[in-house]
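In what follows, a single structure is set out as structure tokens and then discussed.
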Amino acid sequence: MTEDLMTRLELMSLQDSYVAALDAARLEDWPTFFTDDCLYEIIPAENEEFDLPAPLVRCTNTAMLRDRVISLRHANIYEQPAYRHMVSGMIWSQDGDEIEMTSSYVVINTSIEGESEIYQAGCYKDRVVRTPEGLRFKQKRCVYDTLRVHTLLAYPI
Amino acid sequence: MTEDLMTRLELMSLQDSYVAALDAARLEDWPTFFTDDCLYEIIPAENEEFDLPAPLVRCTNTAMLRDRVISLRHANIYEQPAYRHMVSGMIWSQDGDEIEMTSSYVVINTSIEGESEIYQAGCYKDRVVRTPEGLRFKQKRCVYDTLRVHTLLAYPI
Amino acid sequence: MTEDLMTRLELMSLQDSYVAALDAARLEDWPTFFTDDCLYEIIPAENEEFDLPAPLVRCTNTAMLRDRVISLRHANIYEQPAYRHMVSGMIWSQDGDEIEMTSSYVVINTSIEGESEIYQAGCYKDRVVRTPEGLRFKQKRCVYDTLRVHTLLAYPI
């Protein structure tokens, strides 16, 4: 079976736009990449592997995503670190009306002192659907390899 | 409005070719990616944000880029570090005859002793135009997050 | 000459699928990306530059790749680190029936203690051919910048 290359390109565009919003700190745009009844999770690879649901973050609709943005904006009254999301190794498959998409990610964080370091490496496990407004995430699960004590109000991945 | 996916692919190809030239240390090819009357800048995010123009590097035409290459070649008589430019999160929009393109970048540097580290993270703010020879950068502004004392003759980003 | 953008997209898909298999630790899938009479090498940039053939790894057919997978599976009875391959700067050209493709890569490694660091930076020098099953690597040479004592049974790059 030949891959539908234009769908691949559309999916790359979706992921790039998502990353661009986060890296430009356009947090208010973040929920707009999701369907209303979405699932957004940040979960350690260990828990994923052994099927122990203990996500760092879990939102089950866009209202929760928007609340999270408000909390982040209120909590972060001081200057923020800069994030750069690198994405690679995307594979996808059609599953009925939904697209299952997996990608590796590495997030680089630069502190306000100007030190750049690896903030988090992991894997996006996404489910994407077509909507009248274009492709949207019905599910984005960020399964991370890096174990580190994160701040309570972790920045979206 | 639906995105023109083939233009996206062309833009990705331009950025990839640009990065490939730098990572292969083909410095002499670097100016060929620009229009004659280009703007090339490397500028800290802080200065960008507060509109304080104090770029680390500023070239306003390809002759200046070529001069820079000659300086780099003469200055760097010793073995050079290796650079790897990772690019992600590309978004673009048509603006009249020009294309505005933004991408996140992370440059990894490996010293001659073989130590790899994050050299610079930041954001490309590009303006691209169509020429008879293909897409060219009319502007490439490298807005970097990482604060570190750079060498006087910084390698192109 | 205009680039064949659909071939570019196919090549990106091949590289992404390759990386996805490695990052998901689907080692058994790794040999399936190669033609039977392939060349797979991991070699330091220094040796490549001065034409001193002393690769860290050298396999000249898929049977050797499969043997390597078996060795890795047997040797690695303990929990493995996680790898994330970032790829960028892809350029390619047609050379008769084969495609020559070059890309920069950076591999991030997360130890079982959860520490993420740069494992290896370098350049893929690939030769790709069309087969009835799709694009396959006839050659993949991983020319690495990072000098570090690797484990005897290095993970595929």
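Every chain in the structure tokens takes a letter, A first, then B, and so on in the order presented; its residues are numbered from 1, and the ligands are numbered from 1 following the presented order.
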Give chain A as a CSV table (one decimal) with C-alpha atoms, in the first residue's frame once it has been least-squares superposed onto chain C over every C-alpha atom, paired in order.
chain,number,residue,atom,x,y,z
A,1,MET,CA,16.2,22.1,-12.6
A,2,THR,CA,13.2,21.9,-10.3
A,3,GLU,CA,13.4,19.5,-7.4
A,4,ASP,CA,11.0,16.5,-7.5
A,5,LEU,CA,9.1,17.4,-4.3
A,6,MET,CA,7.2,14.2,-4.1
A,7,THR,CA,10.4,12.2,-4.1
A,8,ARG,CA,11.7,14.5,-1.3
A,9,LEU,CA,8.5,13.7,0.7
A,10,GLU,CA,9.0,10.0,0.1
A,11,LEU,CA,12.6,10.2,1.3
A,12,MET,CA,11.5,12.1,4.4
A,13,SER,CA,8.9,9.4,5.1
A,14,LEU,CA,11.6,6.7,4.8
A,15,GLN,CA,13.9,8.4,7.2
A,16,ASP,CA,11.0,9.2,9.6
A,17,SER,CA,9.9,5.5,9.6
A,18,TYR,CA,13.5,4.4,10.2
A,19,VAL,CA,13.9,6.7,13.1
A,20,ALA,CA,10.5,5.8,14.5
A,21,ALA,CA,11.5,2.1,14.6
A,22,LEU,CA,14.7,2.8,16.5
A,23,ASP,CA,13.1,5.2,18.9
A,24,ALA,CA,10.3,2.7,19.7
A,25,ALA,CA,13.1,0.1,20.2
A,26,ARG,CA,11.6,-2.1,17.5
A,27,LEU,CA,15.0,-3.4,16.7
A,28,GLU,CA,13.7,-6.4,14.8
A,29,ASP,CA,12.2,-4.0,12.2
A,30,TRP,CA,15.6,-2.2,11.7
A,31,PRO,CA,17.0,-4.7,9.1
A,32,THR,CA,13.8,-4.4,7.1
A,33,PHE,CA,14.7,-0.9,6.0
A,34,PHE,CA,17.8,-2.2,4.1
A,35,THR,CA,18.4,-4.1,0.9
A,36,ASP,CA,19.9,-7.5,1.3
A,37,ASP,CA,23.3,-6.4,0.0
A,38,CYS,CA,23.4,-3.2,2.1
A,39,LEU,CA,26.3,-1.4,3.7
A,40,TYR,CA,25.7,-0.1,7.3
A,41,GLU,CA,28.4,1.8,9.1
A,42,ILE,CA,29.0,3.9,12.1
A,43,ILE,CA,32.2,5.8,11.6
A,44,PRO,CA,34.0,8.8,13.2
A,45,ALA,CA,34.0,12.0,11.1
A,46,GLU,CA,37.8,12.1,11.6
A,47,ASN,CA,38.3,8.7,9.9
A,48,GLU,CA,35.9,9.6,7.2
A,49,GLU,CA,37.7,12.9,6.5
A,50,PHE,CA,41.1,11.3,6.2
A,51,ASP,CA,39.8,8.2,4.5
A,52,LEU,CA,40.9,5.9,7.3
A,53,PRO,CA,38.4,3.1,7.3
A,54,ALA,CA,38.0,2.2,11.0
A,55,PRO,CA,34.3,2.0,11.6
A,56,LEU,CA,32.8,1.4,15.0
A,57,VAL,CA,30.2,-0.8,13.3
A,58,ARG,CA,30.3,-2.3,9.8
A,59,CYS,CA,27.6,-4.6,8.4
A,60,THR,CA,27.6,-5.6,4.7
A,61,ASN,CA,24.3,-7.4,4.4
A,62,THR,CA,21.0,-7.7,6.3
A,63,ALA,CA,22.0,-11.1,7.8
A,64,MET,CA,24.7,-9.2,9.7
A,65,LEU,CA,22.1,-6.6,10.8
A,66,ARG,CA,19.8,-9.3,12.1
A,67,ASP,CA,22.7,-11.0,14.0
A,68,ARG,CA,23.4,-7.6,15.5
A,69,VAL,CA,19.8,-7.3,16.7
A,70,ILE,CA,20.0,-10.8,18.3
A,71,SER,CA,23.3,-9.8,20.1
A,72,LEU,CA,21.8,-6.6,21.3
A,73,ARG,CA,18.7,-8.4,22.6
A,74,HIS,CA,20.8,-11.0,24.4
A,75,ALA,CA,23.3,-8.6,25.8
A,76,ASN,CA,20.8,-6.1,27.1
A,77,ILE,CA,19.0,-8.1,29.7
A,78,TYR,CA,18.6,-5.0,31.8
A,79,GLU,CA,16.4,-2.0,31.2
A,80,GLN,CA,17.6,0.0,28.2
A,81,PRO,CA,18.1,3.8,27.8
A,82,ALA,CA,15.6,5.6,25.5
A,83,TYR,CA,16.9,7.1,22.3
A,84,ARG,CA,15.4,10.0,20.3
A,85,HIS,CA,16.8,10.6,16.8
A,86,MET,CA,16.3,14.1,15.5
A,87,VAL,CA,17.0,14.6,11.8
A,88,SER,CA,17.4,17.8,9.8
A,89,GLY,CA,18.9,19.4,6.8
A,90,MET,CA,18.1,16.7,4.2
A,91,ILE,CA,19.5,17.1,0.7
A,92,TRP,CA,19.3,14.5,-2.1
A,93,SER,CA,20.2,13.8,-5.7
A,94,GLN,CA,19.5,11.1,-8.2
A,95,ASP,CA,22.5,9.1,-9.2
A,96,GLY,CA,21.4,6.6,-11.9
A,97,ASP,CA,19.1,4.1,-10.2
A,98,GLU,CA,20.1,5.2,-6.8
A,99,ILE,CA,19.4,8.3,-4.7
A,100,GLU,CA,22.1,9.9,-2.6
A,101,MET,CA,20.8,11.5,0.5
A,102,THR,CA,22.5,13.4,3.3
A,103,SER,CA,21.0,14.5,6.6
A,104,SER,CA,22.3,15.8,9.9
A,105,TYR,CA,21.3,13.9,13.0
A,106,VAL,CA,21.4,14.4,16.8
A,107,VAL,CA,20.5,11.5,19.1
A,108,ILE,CA,19.3,12.2,22.6
A,109,ASN,CA,19.7,9.4,25.1
A,110,THR,CA,17.8,9.2,28.4
A,111,SER,CA,19.4,6.9,30.9
A,112,ILE,CA,17.2,4.6,33.1
A,113,GLU,CA,17.8,7.1,35.9
A,114,GLY,CA,16.0,9.6,33.7
A,115,GLU,CA,18.9,11.8,32.7
A,116,SER,CA,18.7,13.1,29.1
A,117,GLU,CA,21.8,14.1,27.2
A,118,ILE,CA,23.3,14.3,23.7
A,119,TYR,CA,24.4,10.8,22.8
A,120,GLN,CA,25.7,11.5,19.3
A,121,ALA,CA,25.7,14.1,16.6
A,122,GLY,CA,26.6,13.5,13.1
A,123,CYS,CA,25.6,13.0,9.5
A,124,TYR,CA,23.8,10.3,7.7
A,125,LYS,CA,25.2,9.5,4.3
A,126,ASP,CA,22.6,7.3,2.6
A,127,ARG,CA,22.1,5.6,-0.7
A,128,VAL,CA,18.4,4.7,-1.4
A,129,VAL,CA,16.9,2.5,-4.0
A,130,ARG,CA,13.3,1.8,-5.1
A,131,THR,CA,12.2,-1.8,-4.5
A,132,PRO,CA,8.8,-3.5,-5.0
A,133,GLU,CA,8.3,-3.0,-1.3
A,134,GLY,CA,9.1,0.7,-1.4
A,135,LEU,CA,12.3,2.8,-0.7
A,136,ARG,CA,15.1,0.9,1.0
A,137,PHE,CA,18.6,1.9,2.2
A,138,LYS,CA,21.3,0.3,0.1
A,139,GLN,CA,23.8,2.2,2.2
A,140,LYS,CA,23.5,4.1,5.5
A,141,ARG,CA,26.7,5.5,6.8
A,142,CYS,CA,26.5,7.3,10.2
A,143,VAL,CA,29.5,9.6,10.3
A,144,TYR,CA,29.6,10.9,13.9
A,145,ASP,CA,31.2,14.1,15.3
A,146,THR,CA,30.9,13.1,18.9
A,147,LEU,CA,33.9,11.3,20.3
A,148,ARG,CA,33.1,9.2,23.3
A,149,VAL,CA,33.9,5.7,24.3
A,150,HIS,CA,30.8,3.8,23.2
A,151,THR,CA,29.7,0.5,24.5
A,152,LEU,CA,30.9,-2.5,22.6
A,153,LEU,CA,27.3,-3.2,21.4
A,154,ALA,CA,26.3,0.2,20.3
A,155,TYR,CA,22.7,0.8,19.6
A,156,PRO,CA,21.9,1.5,15.9
A,157,ILE,CA,21.9,5.1,14.8
For this session: Among the residues of region 1-156 of chain A, find those DSSP assigns to strand (DSSP E) from the backbone and print them as number ranges by chain.
Result: A: 34-44, 57-59, 82-95, 98-110, 116-131, 134-144
Problem set entry | Backbone DSSP call of helix (DSSP H, G or I) for chain B, listed as an MDAnalysis selection string | chainID B and resid 5:23 27:33 45:49 62:75
